[in-house]
$ cat my_file_21.pdb   # PDB, C-alpha atoms
MODEL        1
ATOM      1  CA  MET K  23     -17.219   4.294  25.899
ATOM      2  CA  GLU K  24     -15.957   2.918  22.601
ATOM      3  CA  LYS K  25     -15.779   5.124  19.524
ATOM      4  CA  PRO K  26     -18.053   4.340  16.573
ATOM      5  CA  VAL K  27     -16.822   1.925  13.967
ATOM      6  CA  GLN K  28     -15.324   3.634  10.909
ATOM      7  CA  ARG K  29     -14.758   2.203   7.480
ATOM      8  CA  ASN K  30     -12.225   2.550   4.727
ATOM      9  CA  LYS K  31     -12.819   1.196   1.256
ATOM     10  CA  TYR K  32      -9.575  -0.772   1.193
ATOM     11  CA  LEU K  33      -8.747  -1.749   4.753
ATOM     12  CA  GLY K  34     -12.252  -2.523   5.916
ATOM     13  CA  THR K  35     -13.764  -2.051   9.362
ATOM     14  CA  VAL K  36     -11.675  -0.413  12.066
ATOM     15  CA  VAL K  37     -12.661  -1.027  15.650
ATOM     16  CA  SER K  38     -11.576   0.487  18.921
ATOM     17  CA  ARG K  39      -8.206  -0.497  20.390
ATOM     18  CA  ARG K  40      -9.957  -2.589  23.056
ATOM     19  CA  ARG K  41     -11.447  -4.777  20.352
ATOM     20  CA  PHE K  42      -8.408  -4.690  18.043
ATOM     21  CA  GLY K  43      -7.083  -8.205  17.686
ATOM     22  CA  ALA K  44     -10.336  -9.726  18.877
ATOM     23  CA  LEU K  45     -12.299  -9.149  15.693
ATOM     24  CA  THR K  46     -11.503  -9.812  12.042
ATOM     25  CA  LEU K  47     -11.418  -6.682   9.882
ATOM     26  CA  ALA K  48     -14.288  -6.597   7.400
ATOM     27  CA  LEU K  49     -13.528  -7.147   3.746
ATOM     28  CA  ALA K  50     -12.964  -3.811   2.071
ATOM     29  CA  GLY K  51     -14.759  -2.348  -0.922
ATOM     30  CA  ALA K  52     -18.091  -4.058  -0.469
ATOM     31  CA  ARG K  53     -19.207  -3.131  -3.937
ATOM     32  CA  LEU K  54     -16.212  -5.017  -5.342
ATOM     33  CA  VAL K  55     -16.857  -8.214  -3.383
ATOM     34  CA  PRO K  56     -19.569 -10.738  -4.286
ATOM     35  CA  ALA K  57     -22.560 -10.787  -1.980
ATOM     36  CA  GLY K  58     -23.189 -13.709   0.335
ATOM     37  CA  PRO K  59     -22.051 -15.093   3.678
ATOM     38  CA  SER K  60     -18.597 -13.852   4.696
ATOM     39  CA  LYS K  61     -17.141 -17.365   4.825
ATOM     40  CA  GLU K  62     -17.928 -17.717   1.115
ATOM     41  CA  LYS K  63     -16.195 -14.510   0.054
ATOM     42  CA  ARG K  64     -13.003 -15.179  -1.850
ATOM     43  CA  TRP K  65      -9.944 -12.994  -1.576
ATOM     44  CA  ARG K  66      -9.611 -10.795  -4.626
ATOM     45  CA  MET K  67      -6.403  -9.194  -5.805
ATOM     46  CA  ARG K  68      -6.765  -5.463  -6.402
ATOM     47  CA  LEU K  69      -4.159  -3.568  -8.390
ATOM     48  CA  SER K  70      -2.863  -0.025  -8.086
ATOM     49  CA  THR K  71       0.314   1.717  -9.140
ATOM     50  CA  SER K  72       2.180   4.881  -8.225
ATOM     51  CA  THR K  73       2.101   8.275  -9.926
ATOM     52  CA  LEU K  74       5.848   8.536  -9.238
ATOM     53  CA  HIS K  75       6.348   6.449 -12.380
ATOM     54  CA  PHE K  76       5.109   9.460 -14.333
ATOM     55  CA  ALA K  77       6.692  12.215 -12.246
ATOM     56  CA  ASP K  78       7.439  14.316 -15.350
ATOM     57  CA  LEU K  79       3.769  14.429 -16.348
ATOM     58  CA  PRO K  80       0.970  16.492 -14.799
ATOM     59  CA  LEU K  81      -1.162  14.486 -12.375
ATOM     60  CA  GLU K  82      -4.055  14.383 -14.845
ATOM     61  CA  GLU K  83      -1.881  12.763 -17.506
ATOM     62  CA  ALA K  84      -0.277  10.382 -15.009
ATOM     63  CA  CYS K  85      -3.719   9.182 -13.929
ATOM     64  CA  ALA K  86      -4.774   8.787 -17.569
ATOM     65  CA  LYS K  87      -1.733   6.580 -18.258
ATOM     66  CA  ILE K  88      -2.434   4.457 -15.176
ATOM     67  CA  ALA K  89      -6.129   4.059 -15.977
ATOM     68  CA  ALA K  90      -5.387   3.159 -19.601
ATOM     69  CA  GLN K  91      -3.357   0.160 -18.410
ATOM     70  CA  GLY K  92      -6.344  -1.216 -16.488
ATOM     71  CA  PHE K  93      -5.323  -0.394 -12.914
ATOM     72  CA  GLU K  94      -8.140  -0.039 -10.435
ATOM     73  CA  ALA K  95      -6.543   2.418  -8.018
ATOM     74  CA  VAL K  96      -3.692   4.871  -7.608
ATOM     75  CA  ASP K  97      -0.926   5.726  -5.134
ATOM     76  CA  ILE K  98      -0.210   9.483  -5.326
ATOM     77  CA  TRP K  99       3.297  10.647  -4.401
ATOM     78  CA  SER K 100       4.472  13.765  -2.621
ATOM     79  CA  ALA K 101       7.683  15.599  -3.531
ATOM     80  CA  PHE K 102      10.094  12.678  -3.940
ATOM     81  CA  ALA K 103      12.559  12.889  -6.848
ATOM     82  CA  GLY K 104      10.781  15.990  -8.107
ATOM     83  CA  CYS K 105       7.290  14.495  -8.119
ATOM     84  CA  LYS K 106       4.770  17.302  -7.619
ATOM     85  CA  HIS K 107       1.552  15.295  -7.844
ATOM     86  CA  LEU K 108       0.305  15.355  -4.264
ATOM     87  CA  ASP K 109       1.184  18.987  -3.626
ATOM     88  CA  TYR K 110      -0.481  19.932  -6.903
ATOM     89  CA  ALA K 111      -3.612  18.091  -5.796
ATOM     90  CA  VAL K 112      -3.589  19.896  -2.449
ATOM     91  CA  ASP K 113      -2.846  23.367  -3.804
ATOM     92  CA  LYS K 114      -4.696  23.361  -7.116
ATOM     93  CA  LEU K 115      -7.288  20.620  -7.371
ATOM     94  CA  LYS K 116      -8.422  20.553  -3.743
ATOM     95  CA  ALA K 117     -10.281  17.491  -2.514
ATOM     96  CA  GLU K 118     -13.295  17.992  -4.764
ATOM     97  CA  GLY K 119     -11.102  18.359  -7.835
ATOM     98  CA  LEU K 120      -9.069  15.247  -7.038
ATOM     99  CA  ARG K 121     -12.206  13.217  -6.436
ATOM    100  CA  ARG K 122     -13.590  14.451  -9.767
ATOM    101  CA  LEU K 123     -10.342  13.616 -11.600
ATOM    102  CA  LEU K 124     -10.245  10.087 -10.214
ATOM    103  CA  SER K 125     -13.908   9.579 -11.002
ATOM    104  CA  GLU K 126     -13.370  10.705 -14.596
ATOM    105  CA  LYS K 127     -10.466   8.274 -14.971
ATOM    106  CA  LYS K 128     -12.387   5.494 -13.184
ATOM    107  CA  LEU K 129      -9.676   5.196 -10.543
ATOM    108  CA  LYS K 130     -10.003   4.800  -6.792
ATOM    109  CA  LEU K 131      -7.677   6.468  -4.322
ATOM    110  CA  PHE K 132      -5.636   3.819  -2.538
ATOM    111  CA  SER K 133      -2.833   5.797  -0.931
ATOM    112  CA  PHE K 134      -0.637   8.851  -0.587
ATOM    113  CA  SER K 135       3.117   8.224  -0.372
ATOM    114  CA  VAL K 136       4.433  10.900   1.980
ATOM    115  CA  TYR K 137       8.136  10.129   2.327
ATOM    116  CA  LYS K 138       8.650  13.837   1.693
ATOM    117  CA  GLY K 139       6.452  16.098   3.776
ATOM    118  CA  GLY K 140       5.161  13.480   6.210
ATOM    119  CA  TYR K 141       1.667  12.309   7.060
ATOM    120  CA  ARG K 142       0.738  15.254   9.271
ATOM    121  CA  LYS K 143       1.022  17.662   6.340
ATOM    122  CA  TYR K 144      -1.471  15.675   4.242
ATOM    123  CA  ALA K 145      -3.708  14.089   6.890
ATOM    124  CA  ALA K 146      -6.680  16.426   6.571
ATOM    125  CA  PHE K 147      -6.539  16.322   2.764
ATOM    126  CA  LEU K 148      -6.501  12.537   2.740
ATOM    127  CA  GLY K 149      -9.551  12.576   4.992
ATOM    128  CA  GLU K 150     -11.337  15.045   2.746
ATOM    129  CA  CYS K 151     -10.680  12.715  -0.181
ATOM    130  CA  GLY K 152     -12.396   9.852   1.642
ATOM    131  CA  GLY K 153      -9.498   8.368   3.592
ATOM    132  CA  GLY K 154      -6.861   5.847   2.607
ATOM    133  CA  VAL K 155      -3.329   4.733   3.366
ATOM    134  CA  ALA K 156      -0.362   7.043   3.947
ATOM    135  CA  VAL K 157       3.010   5.385   3.299
ATOM    136  CA  ARG K 158       6.197   6.524   5.048
ATOM    137  CA  GLY K 159       9.469   5.142   6.385
ATOM    138  CA  SER K 160      10.546   4.162   9.886
ATOM    139  CA  THR K 161      13.737   5.529  11.458
ATOM    140  CA  ARG K 162      17.433   4.742  11.780
ATOM    141  CA  PRO K 163      18.566   1.161  12.469
ATOM    142  CA  CYS K 164      19.723  -0.236  15.792
ATOM    143  CA  LYS K 165      21.707  -3.119  17.231
ATOM    144  CA  PRO K 166      19.747  -6.391  17.664
ATOM    145  CA  LYS K 167      19.844  -6.159  21.455
ATOM    146  CA  GLU K 168      18.209  -2.719  21.267
ATOM    147  CA  LEU K 169      15.433  -3.760  18.876
ATOM    148  CA  THR K 170      12.559  -4.228  21.318
ATOM    149  CA  ALA K 171      13.182  -0.976  23.168
ATOM    150  CA  ARG K 172      13.737   1.012  20.005
ATOM    151  CA  MET K 173      10.659  -0.406  18.274
ATOM    152  CA  ARG K 174       8.529   0.317  21.336
ATOM    153  CA  ALA K 175       9.777   3.902  21.389
ATOM    154  CA  PHE K 176       9.167   4.306  17.665
ATOM    155  CA  LEU K 177       5.602   3.061  17.893
ATOM    156  CA  GLU K 178       5.022   5.308  20.902
ATOM    157  CA  SER K 179       6.183   8.276  18.806
ATOM    158  CA  LEU K 180       3.503   7.453  16.217
ATOM    159  CA  LYS K 181       0.590   7.763  18.645
ATOM    160  CA  PRO K 182      -0.198  11.401  17.751
ATOM    161  CA  LEU K 183      -0.230  10.418  14.073
ATOM    162  CA  ALA K 184      -2.456   7.430  14.823
ATOM    163  CA  GLU K 185      -4.923   9.806  16.472
ATOM    164  CA  LEU K 186      -4.874  11.971  13.341
ATOM    165  CA  ALA K 187      -5.407   8.871  11.211
ATOM    166  CA  GLU K 188      -8.453   7.921  13.263
ATOM    167  CA  ARG K 189      -9.842  11.431  12.889
ATOM    168  CA  TYR K 190      -9.353  11.364   9.123
ATOM    169  CA  ASN K 191     -10.348   7.729   8.499
ATOM    170  CA  SER K 192      -6.861   6.833   7.325
ATOM    171  CA  TYR K 193      -4.043   4.383   8.003
ATOM    172  CA  ILE K 194      -0.289   4.822   8.260
ATOM    173  CA  ALA K 195       1.874   2.164   6.613
ATOM    174  CA  ILE K 196       5.544   2.009   7.630
ATOM    175  CA  GLU K 197       7.838   0.747   4.865
ATOM    176  CA  ASN K 198      10.703  -1.625   5.534
ATOM    177  CA  HIS K 199      13.950  -0.348   4.102
ATOM    178  CA  GLY K 200      17.624  -1.237   4.071
ATOM    179  CA  ARG K 201      19.546   0.248   7.011
ATOM    180  CA  ALA K 202      16.373   1.201   8.868
ATOM    181  CA  LEU K 203      14.624   0.183  12.070
ATOM    182  CA  LEU K 204      12.034  -1.824  10.121
ATOM    183  CA  ASP K 205      14.266  -4.023   8.007
ATOM    184  CA  SER K 206      14.758  -7.648   9.105
ATOM    185  CA  LEU K 207      12.197 -10.335   9.826
ATOM    186  CA  ASP K 208      12.992  -9.908  13.520
ATOM    187  CA  SER K 209      12.045  -6.252  13.231
ATOM    188  CA  PHE K 210       8.765  -7.251  11.543
ATOM    189  CA  LYS K 211       8.030  -9.541  14.504
ATOM    190  CA  ALA K 212       8.853  -6.808  17.013
ATOM    191  CA  PHE K 213       6.626  -4.339  15.154
ATOM    192  CA  VAL K 214       3.657  -6.692  15.047
ATOM    193  CA  ASP K 215       4.034  -7.804  18.658
ATOM    194  CA  LEU K 216       4.350  -4.267  20.045
ATOM    195  CA  ASN K 217       1.910  -2.386  17.822
ATOM    196  CA  SER K 218      -1.464  -1.869  19.488
ATOM    197  CA  SER K 219      -2.966   0.651  17.054
ATOM    198  CA  PRO K 220      -5.339  -0.507  14.301
ATOM    199  CA  ARG K 221      -4.325   2.637  12.393
ATOM    200  CA  ILE K 222      -0.628   1.732  12.140
ATOM    201  CA  GLY K 223       0.684  -1.058   9.946
ATOM    202  CA  ILE K 224       3.377  -2.154   7.500
ATOM    203  CA  ALA K 225       4.145  -1.266   3.890
ATOM    204  CA  LEU K 226       6.072  -4.292   2.658
ATOM    205  CA  ALA K 227       8.803  -3.735   0.074
ATOM    206  CA  PRO K 228      10.165  -7.068  -1.230
ATOM    207  CA  PHE K 229      13.010  -5.240  -2.987
ATOM    208  CA  HIS K 230      14.650  -4.468   0.360
ATOM    209  CA  LEU K 231      13.930  -7.880   1.881
ATOM    210  CA  GLN K 232      15.527  -9.604  -1.090
ATOM    211  CA  GLY K 233      18.525  -7.345  -0.574
ATOM    212  CA  ILE K 234      19.190  -8.972   2.812
ATOM    213  CA  GLY K 235      18.169 -12.471   1.733
ATOM    214  CA  ALA K 236      14.967 -12.490   3.801
ATOM    215  CA  SER K 237      11.847 -14.451   2.845
ATOM    216  CA  VAL K 238       9.113 -12.227   1.435
ATOM    217  CA  THR K 239       6.484 -14.900   2.016
ATOM    218  CA  GLU K 240       7.488 -15.179   5.672
ATOM    219  CA  ALA K 241       7.392 -11.394   6.032
ATOM    220  CA  ILE K 242       3.844 -11.318   4.638
ATOM    221  CA  GLU K 243       2.771 -13.989   7.106
ATOM    222  CA  ILE K 244       4.421 -12.176  10.023
ATOM    223  CA  ALA K 245       2.741  -8.890   9.088
ATOM    224  CA  GLY K 246      -0.655 -10.588   8.741
ATOM    225  CA  LYS K 247      -3.545  -8.237   9.426
ATOM    226  CA  GLN K 248      -1.084  -5.402  10.030
ATOM    227  CA  LEU K 249      -0.069  -5.403   6.357
ATOM    228  CA  PHE K 250      -1.527  -2.216   4.859
ATOM    229  CA  PHE K 251       0.460  -1.799   1.623
ATOM    230  CA  PHE K 252       2.296  -4.222  -0.666
ATOM    231  CA  TYR K 253       4.855  -3.174  -3.261
ATOM    232  CA  ALA K 254       5.012  -5.650  -6.148
ATOM    233  CA  TRP K 255       8.697  -4.818  -6.466
ATOM    234  CA  GLN K 256      11.651  -7.147  -6.914
ATOM    235  CA  ARG K 257      15.395  -6.740  -6.641
ATOM    236  CA  GLY K 258      16.762  -5.728 -10.018
ATOM    237  CA  ARG K 259      17.956  -2.908 -12.227
ATOM    238  CA  GLY K 260      15.675  -0.678 -14.219
ATOM    239  CA  VAL K 261      12.538  -2.286 -15.563
ATOM    240  CA  LYS K 262      13.550  -5.662 -14.109
ATOM    241  CA  GLN K 263      12.274  -4.369 -10.768
ATOM    242  CA  LEU K 264       8.730  -4.817 -12.075
ATOM    243  CA  PRO K 265       6.691  -8.032 -11.856
ATOM    244  CA  GLY K 266       7.067 -10.165 -14.955
ATOM    245  CA  TRP K 267      10.266  -8.448 -16.032
ATOM    246  CA  GLY K 268      12.784  -9.720 -13.491
ATOM    247  CA  PRO K 269      13.312 -13.354 -12.454
ATOM    248  CA  THR K 270      11.105 -13.541  -9.346
ATOM    249  CA  ASP K 271       7.986 -15.705  -9.403
ATOM    250  CA  PHE K 272       5.334 -13.582  -7.699
ATOM    251  CA  THR K 273       2.836 -16.433  -7.403
ATOM    252  CA  PRO K 274       3.918 -17.511  -3.880
ATOM    253  CA  TRP K 275       3.646 -13.904  -2.742
ATOM    254  CA  ILE K 276       0.102 -13.628  -4.110
ATOM    255  CA  GLU K 277      -0.772 -16.901  -2.363
ATOM    256  CA  ALA K 278       0.596 -15.531   0.922
ATOM    257  CA  LEU K 279      -1.368 -12.289   0.524
ATOM    258  CA  ALA K 280      -4.522 -14.341   0.026
ATOM    259  CA  ARG K 281      -3.788 -16.457   3.121
ATOM    260  CA  VAL K 282      -3.466 -13.412   5.386
ATOM    261  CA  GLY K 283      -6.479 -11.711   3.804
ATOM    262  CA  TYR K 284      -4.552  -8.630   2.704
ATOM    263  CA  LYS K 285      -7.048  -5.811   2.204
ATOM    264  CA  GLY K 286      -5.040  -3.287   0.237
ATOM    265  CA  CYS K 287      -3.872  -3.174  -3.358
ATOM    266  CA  VAL K 288      -0.938  -4.973  -4.941
ATOM    267  CA  ASN K 289       1.152  -2.088  -6.251
ATOM    268  CA  PRO K 290       3.677  -2.753  -9.072
ATOM    269  CA  PHE K 291       6.616  -0.424  -8.497
ATOM    270  CA  MET K 292      10.104   0.509  -9.600
ATOM    271  CA  HIS K 293      12.589   3.317  -9.131
ATOM    272  CA  GLY K 294      14.104   4.817 -12.237
ATOM    273  CA  HIS K 295      13.163   7.049 -15.137
ATOM    274  CA  LEU K 296      11.600   5.763 -18.331
ATOM    275  CA  PRO K 297       9.789   7.729 -21.064
ATOM    276  CA  PRO K 298       6.067   7.881 -20.190
ATOM    277  CA  ASP K 299       4.857   5.609 -23.003
ATOM    278  CA  VAL K 300       7.579   3.056 -22.274
ATOM    279  CA  MET K 301       6.745   3.177 -18.569
ATOM    280  CA  ALA K 302       3.042   2.733 -19.270
ATOM    281  CA  ALA K 303       3.681  -0.306 -21.452
ATOM    282  CA  ALA K 304       6.002  -1.804 -18.837
ATOM    283  CA  LEU K 305       3.362  -1.373 -16.138
ATOM    284  CA  GLY K 306       0.715  -2.890 -18.408
ATOM    285  CA  ARG K 307       2.872  -5.964 -18.875
ATOM    286  CA  ALA K 308       3.474  -6.129 -15.104
ATOM    287  CA  ARG K 309      -0.273  -5.989 -14.494
ATOM    288  CA  SER K 310      -0.941  -8.770 -17.000
ATOM    289  CA  TYR K 311       1.741 -10.898 -15.369
ATOM    290  CA  LEU K 312       0.228 -10.414 -11.898
ATOM    291  CA  LEU K 313      -3.170 -11.472 -13.222
ATOM    292  CA  LYS K 314      -1.555 -14.678 -14.512
ATOM    293  CA  CYS K 315       0.031 -15.219 -11.084
ATOM    294  CA  ALA K 316      -3.366 -14.784  -9.435
ATOM    295  CA  ALA K 317      -4.875 -17.324 -11.821
ATOM    296  CA  LYS K 318      -2.079 -19.799 -11.025
ATOM    297  CA  ALA K 319      -2.643 -19.189  -7.333
ATOM    298  CA  GLY K 320      -6.348 -19.883  -7.756
ATOM    299  CA  VAL K 321      -7.459 -16.448  -6.566
ATOM    300  CA  ALA K 322      -9.736 -13.906  -8.192
ATOM    301  CA  ALA K 323      -8.547 -10.525  -9.396
ATOM    302  CA  CYS K 324     -10.569  -7.366  -9.872
ATOM    303  CA  GLY K 325     -10.362  -6.123 -13.443
ATOM    304  CA  SER K 326      -9.183  -9.443 -14.836
ATOM    305  CA  ASP K 327     -11.831  -9.175 -17.520
ATOM    306  CA  ARG K 328      -9.999  -6.153 -18.912
ATOM    307  CA  SER K 329      -6.622  -7.842 -19.249
TER     308      SER K 329
ENDMDL
END

$ encode --input "my_file_21.pdb" --output "structure tokens"
Amino acid sequence: MEKPVQRNKYLGTVVSRRRFGALTLALAGARLVPAGPSKEKRWRMRLSTSTLHFADLPLEEACAKIAAQGFEAVDIWSAFAGCKHLDYAVDKLKAEGLRRLLSEKKLKLFSFSVYKGGYRKYAAFLGECGGGVAVRGSTRPCKPKELTARMRAFLESLKPLAELAERYNSYIAIENHGRALLDSLDSFKAFVDLNSSPRIGIALAPFHLQGIGASVTEAIEIAGKQLFFFYAWQRGRGVKQLPGWGPTDFTPWIEALARVGYKGCVNPFMHGHLPPDVMAAALGRARSYLLKCAAKAGVAACGSDRS
């Protein structure tokens, strides 16, 4: 007997494994999508950003900075590079307090980044907060001839986490990274071909793909419906990692996201430390740039009226 359909506000309808691949996932966030027949619904770009950019600030202040720049949603980080936001939310705010904070700031919860601590530690809390995406890495790299076997084994190792994700109405997004199992376009293809869980998908980081000269557009198209998280992040130093600051034209990437019907948020991102007000202004400019890219691509964007 198949399990009941569950929903998530960003990734849409999740169906049982038997039906996975046979049905199209429903558009997420129904209240954000115009009413009418599904074939008439246009893809809309949604924008989030990460609290890691404000790791020195309390979570409340980080969320205030993000909301003030017009972002719709937030990616909350666990203890990476000293960021205490997620653990603070777990230990101090609890689920009710985090929901209240986000409501006050008019932000939605898109994701938890759990590179430190892992998904299992935060699974129940993410579920209590309404579900979302948990972003993590893959594992060590392998030789090309070992790729299929190693990817199959890696995905097999995620099955207990996929069961947790189903229980807590969440999704696990595996980030591609340099010198990791999920790295090359061939590894993207192996992942997509071998993955049978609707709860497991890809977090695509263009920064790392550009580092090996791989096509970001092709990676988006390979990931397709298994793309759960997209970093708007380019190869560069400092602020030039952000959209609109470095040389990359993000318009083709936005067009590719629209073609595959990406259901998550586009998440401007960079590594590096900037003063909070400087960081906020840089992210605001990145957001405005992405809205211009969406307009050039002929796609709608949530919050464009606030730009």

$ atom_distance --input "my_file_21.pdb" --atom1 "atom CA of Lys128 of chain K" --atom2 "atom CA of Tyr141 of chain K"
25.6 Å

$ closest_residue --input "my_file_21.pdb" --among "K:Arg172, K:Arg309, K:Lys143, K:Lys127" --to "Ala90 of chain K" --atoms "all atoms listed in the file"
K:Lys127

$ resolve_selection --input "my_file_21.pdb" --expression "the PyMOL selection byres ((chain K and resi 86) around 12)" --output "ChimeraX atom specification"
/K:73,76,79-85,87-96,123-129,298-299,302

$ resolve_selection --input "my_file_21.pdb" --expression "the PyMOL selection byres ((chain K and resi 174) around 10)" --output "list in words"
Leu169, Thr170, Ala171, Arg172, Met173, Ala175, Phe176, Leu177, Glu178, Ser179, Ala212, Phe213, Asp215, Leu216 and Asn217 of chain K

$ closest_residue --input "my_file_21.pdb" --among "K:Ala254, K:Ala146, K:Leu33, K:Ala184" --to "Gly286 of chain K" --atoms "all atoms listed in the file"
K:Leu33
